[in-house]
Amino acid sequence: MTGTPRLALIGLGWWSHVAHLPGFAESDAVTLAAVCDADPGRVAQVSQRLSVPGFTAVDELLAAGLAEGVVVATPHTTHYPIAAAALGAGLHVLVEKPMTTTAQDAWELVTAAERAGLHLSVGYTYHYSSIAIRVREAVRAGIGELACINADFSSDTQTLFAPSHNEEGVPLDEPRSASYANPALSGGGQGQTQLTHIAGSITWSTGRQATDVYARMDNRGLAVDIVDSVSFRLDGGVLGAATSTGTQVGLPARHQVRYYGSAGMVEHDLYRAEATVYRSDGTHTTLIPPPYEPPYPQRLPVRAFADLLSGRGPDYAPGADAAAAVALVEAAYESARTNQPVPVLRRPTEKAERNI
């Protein structure tokens, strides 16, 4: 693709207002071609302010032919049909995390993008840090044979998952519990919104899929889960454990993953975008981002996606790694429901996909 990519933004909720719209505004390398949201009021407000075409229906946006790609930032359970329609229309897709809420849907999107020669990326913001890239290199080639992973993702999400009876007047740049507390829209609570960060980091950093999962989850009186504990196995027999809780009220968040290998260990603090690589010879290297790089580069995915389409940059969060994360999280929910270990739905082979 030559020139400046033209992208349409689908979903005008709080995340688009704090991340994607500022990302468009800060970069000359991408053009906001149109906006779309089911809420006519949001569409009118944003399209008039930015002087771009506005739509309330995705099919009308796609039929208008205004963009080469789309950014999907709608409630979780709507990601698949919107992304599938965009890929079917020949558009590149950057979709927010979780990519989908089922593994089958995720792998179908990956296959559709590959067969159409289109880019499919996911908004796992932590991947876009320069430190995360160095962590991935160390995990794959700097600590010997990977043996074990443990992770902790604690946050304050109680108000997010508690239904609110009156959200009129809530600013557009603040989250609304209506999208997160309703499992029909969110697909779940802590697992779909927070644990997915851990799963995404692990599948992306290791390049491995999970094979089986055993999990427990607690809703603590809510309609969705808010405390999760997950034990998993990756390809090659790597064992791992992850906990995620949204009960961290008034305390600093902890978003950490540790990778243990036969010749060292990598400790990755996602929240601060810092890491330390420890080696079995007693040496270690501390990885700190440059001062101009924010720890959580939430505005970068849109710009990075435009660079990817223009051939100027890499794919920071490929769809296949994100689909592997979806499969891990989906298996965790099924395990918690059945109180049994659950095999993970892995990517189908080409033979299976074509029913040969």
# chains A, B, ... in the order shown; residues from 1 in each chain; ligands from 1

$ residues_around --residues "range 83-89 of chain A" --least-positions-apart "3" --cutoff "7 Å" --atoms "only C-alpha atoms" --output "ChimeraX atom specification"
/A:62,79-80,92-93,109,113

$ select_by_dssp --residues "range 47-217 of chain A" --states "alpha helix (DSSP H)" --output "NGL selection string"
:A and (47-50 or 58-64 or 79-88 or 103-116 or 130-141 or 158-161 or 177-180 or 183-186 or 190 or 196-206)

$ closest_residue --among "A:Thr276, A:Ser244, A:Ser155, A:Thr111" --to "Gly319 in chain A" --atoms "only C-alpha atoms"
A:Thr111

$ atom_distance --atom1 "CA of Ile288 in chain A" --atom2 "CA of Tyr271 in chain A"
12.2 Å

$ residues_around --residues "Ile133 in chain A" --least-positions-apart "5" --cutoff "12 Å" --atoms "only C-alpha atoms" --output "list in words"
Tyr126, His127, Tyr128, Ala138, Val139, Arg140, Ser201, Trp204, Ser205, Thr206, His268, Leu270, Ala273, Glu274, Ala275, Leu287, Pro289, Pro314, Asp315, Tyr316 and Ala317 of chain A

$ closest_residue --among "A:Pro297, A:Pro22, A:Leu160, A:Tyr214" --to "Asn339 in chain A" --atoms "only C-alpha atoms"
A:Tyr214

$ select_by_dssp --residues "range 156-333 of chain A" --states "strand (DSSP E or B)" --output "PyMOL selection string"
chain A and resi 156+210-218+227-234+239-245+247+254-261+264-269+274-279+284-287+318

$ residues_around --residues "Ile202 in chain A" --least-positions-apart "4" --cutoff "10 Å" --atoms "only C-alpha atoms" --output "PyMOL selection string"
chain A and resi 136+139+149-151+196-198+206-210+234+240+257-259+321-322+324-325

$ write_last_selection --atoms "N, CA and C atoms" --output "PDB file, in the first residue's frame"
ATOM      1  N   ARG A 136      10.591 -10.572  24.688  1.00  0.00           N
ATOM      2  CA  ARG A 136      10.308 -11.698  23.790  1.00  0.00           C
ATOM      3  C   ARG A 136      11.591 -12.311  23.251  1.00  0.00           C
ATOM      4  N   VAL A 139      13.199 -14.303  26.136  1.00  0.00           N
ATOM      5  CA  VAL A 139      12.456 -15.523  26.455  1.00  0.00           C
ATOM      6  C   VAL A 139      12.737 -16.602  25.423  1.00  0.00           C
ATOM      7  N   ILE A 149       6.315 -20.719  33.802  1.00  0.00           N
ATOM      8  CA  ILE A 149       5.859 -19.325  33.724  1.00  0.00           C
ATOM      9  C   ILE A 149       4.915 -19.067  34.895  1.00  0.00           C
ATOM     10  N   ASN A 150       5.083 -17.937  35.569  1.00  0.00           N
ATOM     11  CA  ASN A 150       4.035 -17.527  36.509  1.00  0.00           C
ATOM     12  C   ASN A 150       3.731 -16.049  36.305  1.00  0.00           C
ATOM     13  N   ALA A 151       2.475 -15.693  36.551  1.00  0.00           N
ATOM     14  CA  ALA A 151       2.016 -14.347  36.221  1.00  0.00           C
ATOM     15  C   ALA A 151       0.982 -13.865  37.223  1.00  0.00           C
ATOM     16  N   THR A 196      -6.792 -11.643  29.799  1.00  0.00           N
ATOM     17  CA  THR A 196      -6.412 -11.698  28.389  1.00  0.00           C
ATOM     18  C   THR A 196      -5.065 -11.029  28.133  1.00  0.00           C
ATOM     19  N   HIS A 197      -4.710  -9.996  28.938  1.00  0.00           N
ATOM     20  CA  HIS A 197      -3.401  -9.357  28.786  1.00  0.00           C
ATOM     21  C   HIS A 197      -2.282 -10.354  29.071  1.00  0.00           C
ATOM     22  N   ILE A 198      -2.443 -11.139  30.141  1.00  0.00           N
ATOM     23  CA  ILE A 198      -1.443 -12.143  30.482  1.00  0.00           C
ATOM     24  C   ILE A 198      -1.354 -13.191  29.392  1.00  0.00           C
ATOM     25  N   THR A 206       6.331 -16.190  23.897  1.00  0.00           N
ATOM     26  CA  THR A 206       6.891 -17.535  23.743  1.00  0.00           C
ATOM     27  C   THR A 206       6.714 -18.098  22.348  1.00  0.00           C
ATOM     28  N   GLY A 207       5.700 -17.629  21.619  1.00  0.00           N
ATOM     29  CA  GLY A 207       5.396 -18.213  20.329  1.00  0.00           C
ATOM     30  C   GLY A 207       4.784 -19.594  20.446  1.00  0.00           C
ATOM     31  N   ARG A 208       4.219 -19.912  21.620  1.00  0.00           N
ATOM     32  CA  ARG A 208       3.659 -21.239  21.872  1.00  0.00           C
ATOM     33  C   ARG A 208       2.170 -21.148  22.185  1.00  0.00           C
ATOM     34  N   GLN A 209       1.464 -22.198  21.813  1.00  0.00           N
ATOM     35  CA  GLN A 209       0.057 -22.306  22.151  1.00  0.00           C
ATOM     36  C   GLN A 209      -0.100 -23.126  23.436  1.00  0.00           C
ATOM     37  N   ALA A 210      -1.194 -22.878  24.151  1.00  0.00           N
ATOM     38  CA  ALA A 210      -1.526 -23.703  25.302  1.00  0.00           C
ATOM     39  C   ALA A 210      -2.138 -25.016  24.821  1.00  0.00           C
ATOM     40  N   LEU A 234       1.878 -25.309  28.083  1.00  0.00           N
ATOM     41  CA  LEU A 234       2.139 -24.858  26.719  1.00  0.00           C
ATOM     42  C   LEU A 234       2.815 -25.962  25.917  1.00  0.00           C
ATOM     43  N   GLY A 240       2.631 -23.466  33.562  1.00  0.00           N
ATOM     44  CA  GLY A 240       2.436 -22.086  33.959  1.00  0.00           C
ATOM     45  C   GLY A 240       1.252 -21.913  34.883  1.00  0.00           C
ATOM     46  N   VAL A 257       4.907 -10.868  34.694  1.00  0.00           N
ATOM     47  CA  VAL A 257       5.069 -12.226  34.194  1.00  0.00           C
ATOM     48  C   VAL A 257       6.532 -12.621  34.381  1.00  0.00           C
ATOM     49  N   ARG A 258       6.751 -13.839  34.871  1.00  0.00           N
ATOM     50  CA  ARG A 258       8.110 -14.368  35.020  1.00  0.00           C
ATOM     51  C   ARG A 258       8.255 -15.620  34.173  1.00  0.00           C
ATOM     52  N   TYR A 259       9.340 -15.660  33.408  1.00  0.00           N
ATOM     53  CA  TYR A 259       9.644 -16.792  32.538  1.00  0.00           C
ATOM     54  C   TYR A 259      10.914 -17.471  33.047  1.00  0.00           C
ATOM     55  N   ASP A 321      -1.147 -15.053  17.250  1.00  0.00           N
ATOM     56  CA  ASP A 321      -0.776 -15.078  18.671  1.00  0.00           C
ATOM     57  C   ASP A 321      -1.971 -14.698  19.537  1.00  0.00           C
ATOM     58  N   ALA A 322      -2.750 -13.725  19.079  1.00  0.00           N
ATOM     59  CA  ALA A 322      -3.919 -13.286  19.839  1.00  0.00           C
ATOM     60  C   ALA A 322      -4.997 -14.364  19.867  1.00  0.00           C
ATOM     61  N   ALA A 324      -4.412 -17.547  19.842  1.00  0.00           N
ATOM     62  CA  ALA A 324      -3.940 -18.530  20.826  1.00  0.00           C
ATOM     63  C   ALA A 324      -4.284 -18.080  22.238  1.00  0.00           C
ATOM     64  N   ALA A 325      -4.232 -16.770  22.489  1.00  0.00           N
ATOM     65  CA  ALA A 325      -4.614 -16.232  23.797  1.00  0.00           C
ATOM     66  C   ALA A 325      -6.107 -16.404  24.039  1.00  0.00           C
TER      67      ALA A 325
END

$ atom_distance --atom1 "CA of Leu66 in chain A" --atom2 "CA of Leu172 in chain A"
25.0 Å
